[in-house]
Structure formats: C-alpha cells, structure tokens
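Structure file target_14.cif (mmCIF, C-alpha atoms and all ligand atoms) follows.
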```cif
data_upload
#
loop_
_atom_site.label_atom_id
_atom_site.label_comp_id
_atom_site.auth_asym_id
_atom_site.auth_seq_id
_atom_site.Cartn_x
_atom_site.Cartn_y
_atom_site.Cartn_z
CA MET H 1394 11.51 9.91 8.81
CA SER H 1395 10.91 6.33 9.91
CA PRO H 1396 11.61 5.27 13.47
CA ALA H 1397 14.45 2.99 14.44
CA SER H 1398 13.80 -0.65 15.14
CA LEU H 1399 10.80 -1.09 17.43
CA ASN H 1400 9.54 -3.97 19.54
CA ILE H 1401 6.03 -4.54 18.20
CA LEU H 1402 3.40 -6.83 19.73
CA LEU H 1403 0.84 -8.28 17.33
CA THR H 1404 -2.29 -9.51 19.12
CA GLY H 1405 -3.91 -12.04 16.81
CA GLY H 1406 -0.59 -12.06 14.98
CA SER H 1407 -0.83 -15.69 13.88
CA GLY H 1408 -4.03 -15.04 11.91
CA TYR H 1409 -4.43 -14.18 8.26
CA ILE H 1410 -3.58 -10.45 8.23
CA GLY H 1411 -1.36 -10.56 11.32
CA SER H 1412 0.98 -13.22 9.92
CA HIS H 1413 1.57 -11.26 6.70
CA THR H 1414 2.14 -8.10 8.71
CA ALA H 1415 4.65 -9.97 10.90
CA VAL H 1416 6.73 -10.76 7.81
CA VAL H 1417 6.65 -7.18 6.52
CA LEU H 1418 7.54 -5.66 9.91
CA GLN H 1419 10.39 -8.13 10.49
CA GLN H 1420 11.80 -7.47 7.04
CA ALA H 1421 11.62 -3.72 7.72
CA GLY H 1422 13.90 -4.21 10.74
CA HIS H 1423 11.39 -4.34 13.60
CA ARG H 1424 11.25 -7.07 16.25
CA VAL H 1425 7.90 -8.83 16.17
CA PHE H 1426 6.18 -10.58 19.09
CA ILE H 1427 3.01 -12.56 18.39
CA TYR H 1428 0.31 -12.93 21.04
CA ASP H 1429 -2.59 -15.22 20.11
CA ASN H 1430 -4.96 -17.74 21.67
CA PHE H 1431 -5.06 -19.71 18.37
CA CYS H 1432 -8.86 -19.87 18.34
CA ASN H 1433 -8.69 -19.25 14.59
CA SER H 1434 -5.08 -19.96 13.67
CA ASP H 1435 -2.27 -22.47 13.82
CA PRO H 1436 0.24 -22.40 16.72
CA ALA H 1437 2.91 -23.54 14.23
CA VAL H 1438 2.81 -20.14 12.51
CA GLY H 1439 6.13 -19.20 14.14
CA HIS H 1440 7.92 -21.97 12.22
CA THR H 1441 6.30 -20.92 8.95
CA LEU H 1442 7.27 -17.29 9.49
CA GLN H 1443 10.83 -18.39 10.24
CA ALA H 1444 10.85 -20.44 7.02
CA ILE H 1445 9.79 -17.33 5.08
CA THR H 1446 12.09 -14.78 6.71
CA GLY H 1447 14.97 -16.87 8.05
CA HIS H 1448 14.43 -15.27 11.47
CA PRO H 1449 12.86 -16.73 14.62
CA PHE H 1450 9.66 -15.16 15.96
CA THR H 1451 8.51 -15.06 19.56
CA VAL H 1452 5.02 -16.53 19.79
CA ILE H 1453 3.14 -16.22 23.09
CA GLU H 1454 -0.04 -18.18 23.68
CA GLY H 1455 -2.56 -16.00 25.46
CA ASP H 1456 -5.98 -14.44 25.34
CA VAL H 1457 -6.33 -10.66 25.02
CA ARG H 1458 -8.80 -10.78 27.89
CA ASP H 1459 -5.98 -11.97 30.15
CA THR H 1460 -4.86 -8.49 31.22
CA ALA H 1461 -2.19 -9.75 33.63
CA LEU H 1462 -0.49 -11.91 31.00
CA LEU H 1463 -0.62 -9.06 28.50
CA GLN H 1464 0.89 -6.64 31.00
CA GLN H 1465 3.67 -9.12 31.75
CA THR H 1466 4.28 -9.67 28.02
CA LEU H 1467 4.46 -5.93 27.33
CA GLY H 1468 6.95 -5.42 30.16
CA GLU H 1469 9.18 -8.45 29.59
CA ASN H 1470 9.61 -7.64 25.90
CA ALA H 1471 9.83 -3.84 26.28
CA ILE H 1472 7.06 -3.46 23.70
CA ASP H 1473 7.02 -0.04 22.01
CA ALA H 1474 3.88 -0.47 19.90
CA VAL H 1475 0.92 -2.83 19.64
CA ILE H 1476 -1.00 -3.81 16.52
CA HIS H 1477 -4.33 -5.19 17.67
CA PHE H 1478 -5.64 -7.79 15.21
CA ALA H 1479 -7.13 -10.22 17.74
CA GLY H 1480 -10.86 -10.64 17.48
CA LEU H 1481 -13.71 -12.62 15.98
CA LYS H 1482 -14.70 -11.57 12.47
CA ALA H 1483 -17.57 -13.62 11.00
CA VAL H 1484 -20.52 -11.33 10.30
CA GLY H 1485 -23.17 -14.09 10.22
CA GLU H 1486 -21.88 -15.78 13.37
CA SER H 1487 -21.89 -12.44 15.21
CA ALA H 1488 -25.69 -12.33 14.97
CA ILE H 1489 -25.90 -15.82 16.52
CA ILE H 1490 -23.39 -15.38 19.38
CA PRO H 1491 -23.21 -11.59 19.85
CA ILE H 1492 -21.99 -11.76 23.44
CA ASP H 1493 -18.94 -13.77 22.38
CA TYR H 1494 -18.23 -11.04 19.83
CA TYR H 1495 -18.55 -8.22 22.34
CA ALA H 1496 -16.46 -10.16 24.88
CA ASN H 1497 -13.65 -10.98 22.45
CA ASN H 1498 -13.58 -7.74 20.55
CA VAL H 1499 -14.71 -4.98 22.93
CA GLN H 1500 -13.72 -6.51 26.27
CA GLY H 1501 -10.50 -7.79 24.67
CA THR H 1502 -9.60 -4.27 23.55
CA ILE H 1503 -10.36 -2.78 26.97
CA SER H 1504 -8.16 -5.44 28.54
CA LEU H 1505 -5.34 -4.59 26.13
CA LEU H 1506 -5.63 -0.85 26.88
CA GLN H 1507 -5.62 -1.55 30.62
CA ALA H 1508 -2.51 -3.69 30.23
CA MET H 1509 -0.76 -0.97 28.20
CA GLN H 1510 -1.61 1.61 30.85
CA ALA H 1511 -0.50 -0.66 33.69
CA ALA H 1512 2.82 -1.66 32.09
CA SER H 1513 5.65 0.21 33.84
CA HIS H 1514 6.94 1.78 30.61
CA GLN H 1515 3.37 2.56 29.39
CA PRO H 1516 3.59 1.99 25.63
CA LYS H 1517 1.06 4.30 23.98
CA THR H 1518 1.34 3.49 20.29
CA LEU H 1519 -1.55 1.39 18.98
CA VAL H 1520 -2.75 0.33 15.53
CA PHE H 1521 -6.26 -1.10 15.49
CA SER H 1522 -7.86 -3.40 12.87
CA SER H 1523 -11.17 -1.81 12.00
CA SER H 1524 -13.28 -2.56 8.97
CA ALA H 1525 -15.14 -0.90 6.12
CA THR H 1526 -18.17 -2.64 7.58
CA VAL H 1527 -18.49 0.38 9.94
CA TYR H 1528 -19.79 2.44 6.99
CA GLY H 1529 -22.88 0.25 6.55
CA ASP H 1530 -24.84 0.88 3.36
CA PRO H 1531 -22.81 3.49 1.43
CA GLN H 1532 -24.44 6.89 0.95
CA TYR H 1533 -21.85 7.84 -1.68
CA LEU H 1534 -18.86 6.33 -3.45
CA PRO H 1535 -15.95 6.22 -3.09
CA ILE H 1536 -16.26 6.05 0.68
CA ASP H 1537 -13.97 8.49 2.48
CA GLU H 1538 -13.21 8.50 6.20
CA SER H 1539 -15.84 11.21 6.86
CA HIS H 1540 -18.62 8.98 5.54
CA PRO H 1541 -21.24 8.42 8.29
CA THR H 1542 -20.86 5.18 10.22
CA ALA H 1543 -23.79 2.81 10.70
CA ALA H 1544 -22.91 -0.81 11.31
CA THR H 1545 -25.63 -3.26 10.37
CA ASN H 1546 -24.55 -6.33 12.39
CA PRO H 1547 -23.07 -7.11 15.85
CA TYR H 1548 -19.56 -7.65 14.42
CA GLY H 1549 -19.59 -4.20 12.85
CA ARG H 1550 -20.95 -2.69 16.05
CA THR H 1551 -18.06 -4.17 18.04
CA LYS H 1552 -15.69 -2.31 15.68
CA LEU H 1553 -17.65 0.93 16.11
CA HIS H 1554 -17.70 0.60 19.91
CA ILE H 1555 -13.93 0.05 19.90
CA GLU H 1556 -13.37 3.07 17.65
CA GLU H 1557 -15.38 5.17 20.11
CA ILE H 1558 -13.40 3.85 23.07
CA LEU H 1559 -10.13 4.70 21.29
CA THR H 1560 -11.41 8.18 20.42
CA ASP H 1561 -12.35 8.82 24.05
CA LEU H 1562 -8.98 7.55 25.24
CA SER H 1563 -7.05 9.77 22.84
CA LYS H 1564 -9.11 12.78 24.00
CA ALA H 1565 -8.49 11.99 27.66
CA ASP H 1566 -4.75 11.45 27.25
CA ALA H 1567 -3.17 13.26 24.31
CA SER H 1568 0.04 11.27 24.55
CA TRP H 1569 -1.58 8.21 22.91
CA ARG H 1570 -0.81 7.66 19.23
CA ILE H 1571 -3.54 5.56 17.67
CA ALA H 1572 -4.17 4.54 14.07
CA CYS H 1573 -7.51 3.02 13.28
CA LEU H 1574 -7.29 1.20 9.95
CA ARG H 1575 -10.53 0.45 8.13
CA TYR H 1576 -9.76 -2.46 5.83
CA PHE H 1577 -11.86 -3.05 2.74
CA ASN H 1578 -11.77 -6.66 1.41
CA PRO H 1579 -8.41 -8.35 2.12
CA VAL H 1580 -7.52 -11.20 -0.26
CA GLY H 1581 -4.44 -12.98 -1.64
CA ALA H 1582 -1.43 -14.45 0.11
CA HIS H 1583 2.30 -14.12 0.65
CA PRO H 1584 4.23 -14.85 -2.59
CA SER H 1585 5.81 -17.94 -0.96
CA GLY H 1586 2.38 -19.60 -0.80
CA LEU H 1587 3.22 -20.64 2.78
CA ILE H 1588 0.77 -18.33 4.56
CA GLY H 1589 -2.67 -17.18 3.45
CA GLU H 1590 -6.31 -17.39 4.40
CA ASN H 1591 -7.42 -20.87 5.38
CA PRO H 1592 -10.86 -20.61 7.02
CA ASN H 1593 -12.29 -23.39 9.17
CA GLY H 1594 -15.35 -25.01 7.59
CA LEU H 1595 -17.27 -23.46 4.73
CA PRO H 1596 -15.70 -20.08 3.76
CA ASN H 1597 -17.87 -17.00 4.36
CA ASN H 1598 -15.85 -14.80 2.03
CA LEU H 1599 -15.74 -14.85 -1.75
CA MET H 1600 -12.05 -15.40 -2.51
CA PRO H 1601 -11.41 -18.46 -0.29
CA PHE H 1602 -14.67 -19.95 -1.55
CA VAL H 1603 -13.64 -19.47 -5.18
CA ALA H 1604 -10.18 -20.93 -4.44
CA GLN H 1605 -11.71 -24.02 -2.86
CA VAL H 1606 -14.00 -24.52 -5.87
CA ALA H 1607 -11.04 -24.14 -8.24
CA VAL H 1608 -9.03 -26.76 -6.35
CA GLY H 1609 -11.99 -29.17 -6.36
CA LYS H 1610 -12.70 -29.07 -2.63
CA LEU H 1611 -16.12 -27.45 -3.18
CA LYS H 1612 -18.48 -28.16 -6.08
CA GLU H 1613 -19.63 -24.72 -7.14
CA LEU H 1614 -19.84 -21.11 -6.09
CA ASN H 1615 -23.15 -19.52 -5.14
CA VAL H 1616 -23.17 -16.04 -6.63
CA PHE H 1617 -25.33 -14.09 -4.22
CA GLY H 1618 -27.52 -12.06 -6.57
CA ASN H 1619 -27.08 -10.78 -10.13
CA ASP H 1620 -29.70 -8.05 -10.01
CA TYR H 1621 -27.78 -5.33 -8.17
CA GLU H 1622 -27.33 -1.90 -9.71
CA THR H 1623 -23.81 -2.68 -10.86
CA PRO H 1624 -22.39 -3.10 -14.40
CA ASP H 1625 -22.99 -6.89 -14.47
CA GLY H 1626 -25.55 -7.10 -11.65
CA THR H 1627 -23.22 -8.82 -9.13
CA GLY H 1628 -21.79 -7.18 -6.01
CA VAL H 1629 -18.79 -4.87 -6.34
CA ARG H 1630 -16.08 -4.70 -3.67
CA ASP H 1631 -12.67 -3.13 -3.13
CA TYR H 1632 -10.39 -6.18 -2.88
CA ILE H 1633 -6.96 -5.39 -1.46
CA HIS H 1634 -3.91 -7.66 -1.54
CA VAL H 1635 -3.00 -8.75 1.99
CA MET H 1636 0.65 -7.85 1.34
CA ASP H 1637 -0.39 -4.29 0.49
CA LEU H 1638 -2.48 -4.28 3.65
CA ALA H 1639 0.52 -5.52 5.66
CA GLU H 1640 2.62 -2.70 4.24
CA GLY H 1641 -0.14 -0.29 5.28
CA HIS H 1642 0.46 -1.36 8.90
CA LEU H 1643 4.17 -0.69 8.56
CA ALA H 1644 3.33 2.76 7.18
CA ALA H 1645 0.94 3.40 10.08
CA VAL H 1646 3.51 2.46 12.73
CA SER H 1647 6.09 4.70 11.03
CA TYR H 1648 3.56 7.54 10.85
CA LEU H 1649 2.70 7.33 14.55
CA ASN H 1650 6.38 7.27 15.54
CA ASP H 1651 7.73 9.62 12.92
CA ALA H 1652 10.96 11.05 14.31
CA VAL H 1653 10.37 14.49 12.80
CA GLN H 1654 6.69 14.88 13.54
CA ALA H 1655 5.19 12.35 15.94
CA HIS H 1656 1.49 11.97 15.30
CA GLN H 1657 -0.34 11.95 18.60
CA GLY H 1658 -4.08 11.43 18.92
CA MET H 1659 -6.40 9.18 16.94
CA HIS H 1660 -6.02 8.85 13.15
CA THR H 1661 -8.44 6.92 10.98
CA PHE H 1662 -7.51 5.62 7.52
CA ASN H 1663 -9.19 3.55 4.84
CA LEU H 1664 -6.97 0.78 3.50
CA GLY H 1665 -8.28 -0.17 0.10
CA THR H 1666 -7.28 0.19 -3.54
CA GLY H 1667 -9.94 2.69 -4.60
CA ARG H 1668 -11.38 0.45 -7.28
CA GLY H 1669 -14.09 -2.16 -7.23
CA TYR H 1670 -14.47 -5.53 -8.95
CA SER H 1671 -17.68 -7.50 -9.33
CA VAL H 1672 -18.14 -11.11 -8.25
CA MET H 1673 -18.07 -12.20 -11.90
CA GLU H 1674 -14.87 -10.25 -12.56
CA MET H 1675 -13.30 -12.01 -9.57
CA VAL H 1676 -14.39 -15.42 -10.84
CA GLN H 1677 -12.96 -14.72 -14.32
CA ALA H 1678 -9.68 -13.39 -12.92
CA PHE H 1679 -9.33 -16.44 -10.69
CA GLU H 1680 -9.98 -18.80 -13.58
CA ALA H 1681 -7.29 -17.04 -15.63
CA ALA H 1682 -4.77 -17.15 -12.74
CA SER H 1683 -5.39 -20.80 -11.86
CA GLY H 1684 -6.14 -22.29 -15.26
CA LYS H 1685 -9.12 -24.01 -13.58
CA SER H 1686 -12.79 -23.48 -14.17
CA VAL H 1687 -14.94 -22.16 -11.34
CA PRO H 1688 -18.48 -23.47 -11.78
CA PHE H 1689 -21.12 -21.19 -10.29
CA HIS H 1690 -24.82 -20.67 -10.13
CA ILE H 1691 -26.83 -17.56 -9.40
CA ALA H 1692 -28.34 -17.73 -5.90
CA PRO H 1693 -30.58 -15.26 -4.07
CA ARG H 1694 -29.02 -12.15 -2.56
CA ARG H 1695 -27.33 -12.72 0.79
CA ALA H 1696 -29.10 -10.89 3.64
CA GLY H 1697 -27.31 -7.70 4.63
CA ASP H 1698 -25.22 -7.44 1.44
CA ILE H 1699 -24.81 -4.11 -0.34
CA ALA H 1700 -24.43 -3.48 -4.08
CA SER H 1701 -21.10 -1.65 -4.21
CA CYS H 1702 -18.37 -0.58 -1.84
CA TYR H 1703 -14.98 0.93 -2.55
CA ALA H 1704 -12.62 3.26 -0.76
CA SER H 1705 -11.34 6.73 -1.21
CA THR H 1706 -7.62 6.20 -0.63
CA ALA H 1707 -6.62 9.86 -0.75
CA LEU H 1708 -6.04 10.28 2.99
CA ALA H 1709 -3.79 7.23 3.38
CA THR H 1710 -1.82 8.25 0.30
CA ARG H 1711 -1.33 11.78 1.56
CA GLU H 1712 -0.68 11.11 5.26
CA LEU H 1713 0.88 7.65 5.32
CA GLY H 1714 2.62 7.88 1.96
CA TRP H 1715 1.12 4.44 1.32
CA SER H 1716 -0.99 3.09 -1.52
CA ALA H 1717 -1.81 -0.41 -2.75
CA LYS H 1718 0.50 -1.61 -5.52
CA ARG H 1719 -0.55 -5.16 -6.34
CA ASP H 1720 -3.18 -5.91 -8.98
CA LEU H 1721 -6.05 -8.38 -9.25
CA LYS H 1722 -3.86 -10.89 -11.11
CA ASP H 1723 -1.40 -10.95 -8.21
CA MET H 1724 -4.25 -11.30 -5.71
CA CYS H 1725 -5.61 -14.35 -7.56
CA GLU H 1726 -2.25 -15.96 -8.37
CA SER H 1727 -0.99 -15.73 -4.79
CA SER H 1728 -4.28 -17.01 -3.40
CA TRP H 1729 -4.15 -19.94 -5.84
CA ARG H 1730 -0.53 -20.73 -4.88
CA PHE H 1731 -1.52 -20.83 -1.22
CA GLN H 1732 -4.61 -22.94 -1.93
CA GLN H 1733 -2.53 -25.51 -3.80
CA HIS H 1734 0.07 -25.57 -1.04
CA THR H 1735 -2.66 -26.03 1.59
CA ASN H 1736 -4.22 -28.92 -0.31
CA THR H 1737 -1.09 -30.77 -1.33
CA GLY H 1738 1.59 -29.45 1.02
CA ALA H 1739 3.63 -28.81 -2.15
P1 LIG T 1801 -8.03 -14.13 11.72
O1 LIG T 1801 -9.17 -14.81 12.40
O2 LIG T 1801 -7.25 -14.87 10.71
O3 LIG T 1801 -7.01 -13.56 12.81
C1 LIG T 1801 -7.43 -13.15 14.09
C2 LIG T 1801 -6.51 -13.80 15.10
O4 LIG T 1801 -6.91 -13.39 16.41
C3 LIG T 1801 -6.56 -15.33 15.06
O5 LIG T 1801 -5.23 -15.83 15.00
C4 LIG T 1801 -7.24 -15.70 16.38
O6 LIG T 1801 -6.76 -16.95 16.86
C5 LIG T 1801 -6.86 -14.53 17.25
N1 LIG T 1801 -7.79 -14.25 18.37
C6 LIG T 1801 -9.14 -14.13 18.30
N2 LIG T 1801 -9.63 -13.85 19.52
C7 LIG T 1801 -8.57 -13.77 20.36
C8 LIG T 1801 -8.43 -13.52 21.73
N3 LIG T 1801 -9.50 -13.29 22.50
N4 LIG T 1801 -7.20 -13.50 22.27
C9 LIG T 1801 -6.11 -13.73 21.50
N5 LIG T 1801 -6.18 -14.01 20.19
C10 LIG T 1801 -7.40 -14.02 19.63
O7 LIG T 1801 -8.62 -12.76 11.10
P2 LIG T 1801 -7.94 -11.72 10.13
O8 LIG T 1801 -8.64 -11.81 8.83
O9 LIG T 1801 -6.49 -11.84 10.19
O10 LIG T 1801 -8.43 -10.37 10.83
C11 LIG T 1801 -7.61 -9.66 11.72
C12 LIG T 1801 -8.38 -8.46 12.21
O11 LIG T 1801 -8.77 -7.67 11.09
C13 LIG T 1801 -9.67 -8.79 12.96
O12 LIG T 1801 -9.80 -7.88 14.04
C14 LIG T 1801 -10.76 -8.56 11.94
O13 LIG T 1801 -11.98 -8.19 12.54
C15 LIG T 1801 -10.17 -7.41 11.13
N6 LIG T 1801 -10.68 -7.33 9.75
C16 LIG T 1801 -10.59 -8.44 8.94
C17 LIG T 1801 -11.10 -8.38 7.65
C18 LIG T 1801 -11.06 -9.58 6.74
O14 LIG T 1801 -11.87 -9.64 5.79
N7 LIG T 1801 -10.18 -10.55 6.94
C19 LIG T 1801 -11.66 -7.18 7.16
C20 LIG T 1801 -11.70 -6.07 8.02
C21 LIG T 1801 -11.21 -6.17 9.32
C1 LIG T 1802 -17.86 -10.22 -1.36
C2 LIG T 1802 -18.87 -10.29 -2.50
C3 LIG T 1802 -20.98 -11.25 -1.84
C4 LIG T 1802 -19.41 -15.24 -1.00
C5 LIG T 1802 -17.05 -9.16 4.51
C6 LIG T 1802 -17.49 -8.56 5.80
C7 LIG T 1802 -16.69 -7.30 6.08
C8 LIG T 1802 -15.18 -7.56 6.01
C9 LIG T 1802 -14.81 -8.26 4.73
C10 LIG T 1802 -14.40 -8.04 8.21
C11 LIG T 1802 -20.29 -9.89 -2.09
C12 LIG T 1802 -20.29 -12.13 -2.86
C13 LIG T 1802 -19.52 -13.91 -1.37
C14 LIG T 1802 -20.01 -16.24 -1.82
C15 LIG T 1802 -20.79 -14.50 -3.29
N1 LIG T 1802 -14.75 -8.43 7.07
N2 LIG T 1802 -20.20 -13.55 -2.48
N3 LIG T 1802 -20.67 -15.82 -2.95
O1 LIG T 1802 -19.42 -9.23 2.48
O2 LIG T 1802 -17.99 -7.57 1.19
O3 LIG T 1802 -17.32 -8.25 3.45
O4 LIG T 1802 -15.63 -9.42 4.55
O5 LIG T 1802 -14.37 -6.93 8.66
O6 LIG T 1802 -17.07 -6.88 7.33
O7 LIG T 1802 -18.87 -8.25 5.72
O8 LIG T 1802 -17.11 -9.88 1.64
O9 LIG T 1802 -16.12 -11.83 0.56
O10 LIG T 1802 -18.21 -12.14 1.94
O11 LIG T 1802 -18.35 -10.96 -0.24
O12 LIG T 1802 -21.39 -14.18 -4.33
O13 LIG T 1802 -19.95 -17.44 -1.54
O14 LIG T 1802 -18.97 -11.66 -2.93
O15 LIG T 1802 -22.36 -11.22 -2.06
O16 LIG T 1802 -20.88 -9.25 -3.18
P1 LIG T 1802 -18.09 -8.70 2.16
P2 LIG T 1802 -17.41 -11.29 1.02
#
```
If you convert what's in this file into structure tokens, what do you get?
Amino acid sequence: MSPASLNILLTGGSGYIGSHTAVVLQQAGHRVFIYDNFCNSDPAVGHTLQAITGHPFTVIEGDVRDTALLQQTLGENAIDAVIHFAGLKAVGESAIIPIDYYANNVQGTISLLQAMQAASHQPKTLVFSSSATVYGDPQYLPIDESHPTAATNPYGRTKLHIEEILTDLSKADASWRIACLRYFNPVGAHPSGLIGENPNGLPNNLMPFVAQVAVGKLKELNVFGNDYETPDGTGVRDYIHVMDLAEGHLAAVSYLNDAVQAHQGMHTFNLGTGRGYSVMEMVQAFEAASGKSVPFHIAPRRAGDIASCYASTALATRELGWSAKRDLKDMCESSWRFQQHTNTGA
C-alpha cells in the first residue's frame, strides 16, 4: 500500500533527473521541496514546473554542504523523506578536479545525513542517486545488483564511498530506510518539452550531443570506436527514459514507506530497461524521430569506455513493482522536442 501524501525534499531537484522526479511526485500527491545551489541548473525551474503541473513548488537556494541550512529546511517544512540528487557528475572532469567531486558528493552526503539526524523530527527515509558506473567493466551481462563493484574513475568512487557510508549507517541504526538507485543511462525529456537535459558547454553524453547535431548547433558526432565486440562494433548501453526513472523514484519512496510492510535498512536497485542499444542504433532512432540527419564520423575509442552495459531489472520489478515502460522512439522524440524548445523557445 502506498503512503499518504509526504513532504519530500529533493536535493539537486532543479537538475535534469530531479526536475522530472519533482513533476511525478507532485502529480502523485506528494509535496515537493527543491533544494539546490544551481551550480548546474536554472533557478527558474520552479516556474517551469508550475507551468507543467499547475502547482507552485518551493525552491530553496542552498548547498548540501551547508548543514545548518539543511537542518533548518528539514525542520521548517516537516520533511518526511529526502531524495538526494545533488552532486557533480562528469566522469572526465572528476579526474581533473577530484577533490571538488569528493567535497560535493561525499562531504555533501555526510552533511545531509548530519542534518537529518540533527533535525528535531529526525526524518530517516532517504533515496540516493547512485550509478551503474559503480560496476566498472562488466564481468557478466545483464548486470544484477550482486555484480562486483569496481569504479574506474573518481566520480564513480564518490558513488561507491557514499554507498558504503549509507550501508554503515543502516547497520548502525536499523530505523533508517534507504534506497540506493543505480541508474543506467538516463535520456529523453518530459512530454511537454519544457524540461530536459541541457548541459553547459560541449555535451559529454551521447544523447544531448546527437540532439545538438540534429538541431544544427554542432557539426557532427564523434562515434567513439566501431571495433568493440558488439553487433555493429559501437558501444551498447541501457538507455532509460527519464520519466521512467522519475517513476522509479516514486516507487522507491512508496516502497520505503509502505504502510503494510515498511522496508527498513538499505536497499539497492538497478534502474534500467534491461536492453541495450548501440551508438549507431541511437543515431538512427534519433534521425527517424527528428526527421533530421545526424552526420557522424568514426573516432578512436574514448578512454575508460566499455563495450556493453545493460541491467538486470528483475529486482526492481519484483520489489518495487516498477519497470520501464517507454521505448526508444519516445526517448528520442521527447529529447528532440526539448532540444527544439531550448533552441527556439517554441
Ligand atoms: P544535474 O547536474 O542535472 O543535477 C544535479 C543538481 O545538483 C544540479 O541542479 C546542481 O545544481 C545540483 N548540485 C550540485 N552540487 C550541489 C551542491 N553541493 N549543493 C546543492 N546542489 C548541488 O544531474 P542529473 O543528471 O540530474 O543527476 C542527478 C544525480 O544522478 C547525480 O547525483 C548524478 O551523479 C546521478 N546520476 C546521473 C546520471 C546521468 O547520466 N544523468 C547517471 C547516473 C547517476
Ligand atoms: C554512451 C555511448 C560512448 C558520446 C556516462 C557515465 C555514467 C553515467 C551515464 C553518471 C558510449 C558513446 C558518447 C559521444 C559517442 N553517468 N559516445 N560519442 O559513458 O555509458 O555513461 O553517463 O553516473 O557514469 O560514464 O554514457 O552517453 O557518455 O556514452 O560515441 O560524443 O555513446 O562511447 O558507447 P556512458 P555516454
């Protein structure tokens, strides 16, 4: 049974995944509070979310390392649960400024946990944004949650450190209810086209890069390697629609607060679709969805990339009663709608 309406704080809630989750939670009857320092997002997100849902959102400007402000925010808004999206996420950048990554991600999480413990009503329900990057180079496919972890870059190691901290916390105090969600490759946008992924500078990830080529902002896509052991030689990933991912967070909050059987302790779930698409399949699907051509050339492999990666979704299906519903066409069409809106404001 799902819980009644909860007050849910979304750290990093104005970012790509957080903003979509805010819409889904609000439309499911929860009250959403966004806490963000806007280092990678737009402070105007509250207005956009109101335009989508017809409801106002409370947006608080703050850094997750500001424990006092977090504690005050948790108390003033009687927060029942926190979804912790806030963090830095660029793999390449994490090797250049690792201390910033550890400070934002690991120290930021410790600060959040301290604030939750210090708040007078002590909310102990937490959903954490982890990543499939914690699996490193897959030893078998599909990857289930028991697959060994071995991050290969500082960003991934911040996620592993945080997972260990959360595991230790849940062992020390069994009243915590924690869901650690390992996302595969989030793509796509809200059907309105009003929110989506709009990276600063040159996109690191495939889908926003392809979208910017299709719209004419970038000249061509570099396909990083076509000699992998995959059906067409290009890298295979488990792309998941961000709206499906957002619904996965709703399912996780409901699971942790289930009125019949509350799920205490730490629970780790893959959020993916269970199937992989190659870079070339993504390019073709995007061309079909947009009606635009996506020029590309084959470039050398990108350092640190793996051939294939896709999730076993069995655990999330069984425990959360959640599975991804949207297909590749929807991922590309919604991404294209958002890209056009971003470029033209239409
Ligand atoms: P995003 O950058 O769009 O959103 C993160 C938000 O956190 C931004 O709004 C940013 O301003 C905010 N933020 C960063 N540091 C902060 C701080 N110290 N205090 C307060 N706010 C801060 O990223 P996203 O794609 O929405 O990712 C959300 C989470 O999911 C991240 O933790 C990321 O590591 C994780 N994740 C993302 C992906 C992906 O491919 N997008 C995949 C797996 C995991
Ligand atoms: C996908 C495929 C590339 C760009 C990253 C992070 C991971 C997670 C999700 C946060 C690969 C190819 C890409 C381009 C290309 N993020 N590609 N040309 O690397 O699977 O995962 O984002 O947790 O931690 O590592 O995603 O979108 O960068 O790449 O050919 O310009 O597209 O080689 O095969 P990745 P991606």
Exercise for review: Pick out the residues sitting within 7 Å of segment 1417-1425 of chain H, and hand them over as an MDAnalysis selection string; count only C-alpha atoms, and ignore anything fewer than 5 positions along from it in its own chain.
Suggested key: chainID H and resid 1398:1402 1450 1639:1640 1643
Review point. Which protein, DNA or RNA residues have an atom within 9 Å of ligand LIG 1801 (chain T), counting all atoms listed in the file, as a VMD selection string?
Key: chain H and resid 1404 to 1413 1428 to 1436 1454 to 1459 1477 to 1483 1496 to 1498 1500 to 1501 1521 to 1526 1548 to 1549 1552 1574 to 1580 1589 to 1592 1598 1635
Using all atoms listed in the file, find each residue of chain H with at least one atom at most 6 Å away from an atom of ligand LIG 1802 (chain T); report its shortest atom-to-atom pair and that distance in Å (one decimal), sort the rows by chain and rising residue number, and return the result as a tab-separated table.
```
residue	atom	partner	partner_atom	distance
H:Lys1482	CA	T:LIG1802	C10	5.5
H:Val1484	CA	T:LIG1802	O7	5.8
H:Ser1524	CA	T:LIG1802	O5	4.5
H:Thr1526	CA	T:LIG1802	O6	4.4
H:Asn1578	CA	T:LIG1802	C9	4.8
H:Asn1597	CA	T:LIG1802	O10	5.4
H:Asn1598	CA	T:LIG1802	O9	3.3
H:Leu1599	CA	T:LIG1802	C4	3.8
H:Phe1602	CA	T:LIG1802	O13	5.8
H:Leu1614	CA	T:LIG1802	O13	5.8
H:Asn1615	CA	T:LIG1802	N3	5.0
H:Val1616	CA	T:LIG1802	O12	3.5
H:Phe1617	CA	T:LIG1802	O12	3.9
H:Gly1628	CA	T:LIG1802	O16	3.6
H:Val1629	CA	T:LIG1802	O16	5.8
H:Arg1630	CA	T:LIG1802	O2	6.0
H:Val1672	CA	T:LIG1802	O14	5.4
H:Arg1695	CA	T:LIG1802	O15	5.9
H:Asp1698	CA	T:LIG1802	O15	5.9
```
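Counting from atom CA of Ile1699 of chain H, the distance to atom CA of Arg1668 of chain H is 15.8 Å.
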Practice item. Could you check which of H:Tyr1648, H:Met1600, H:His1634, H:Lys1722 is closest to Ala1582 of chain H, using all atoms listed in the file? Key: H:His1634
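Rounded to one decimal, atom CA of His1656 of chain H and atom CA of Ile1633 of chain H lie 25.6 Å from each other.
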Review point. With only C-alpha atoms as the basis for distance, which of H:Thr1623, H:Gln1732, H:Gln1443, H:Asn1546 is at the shortest distance from Cys1702 of chain H?
Key: H:Thr1623
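Restricting the calculation to only C-alpha atoms, the smallest distance between Val1676 of chain H and any of H:Pro1601, H:Pro1516, H:Gly1594, H:Pro1693 is found for H:Pro1601.
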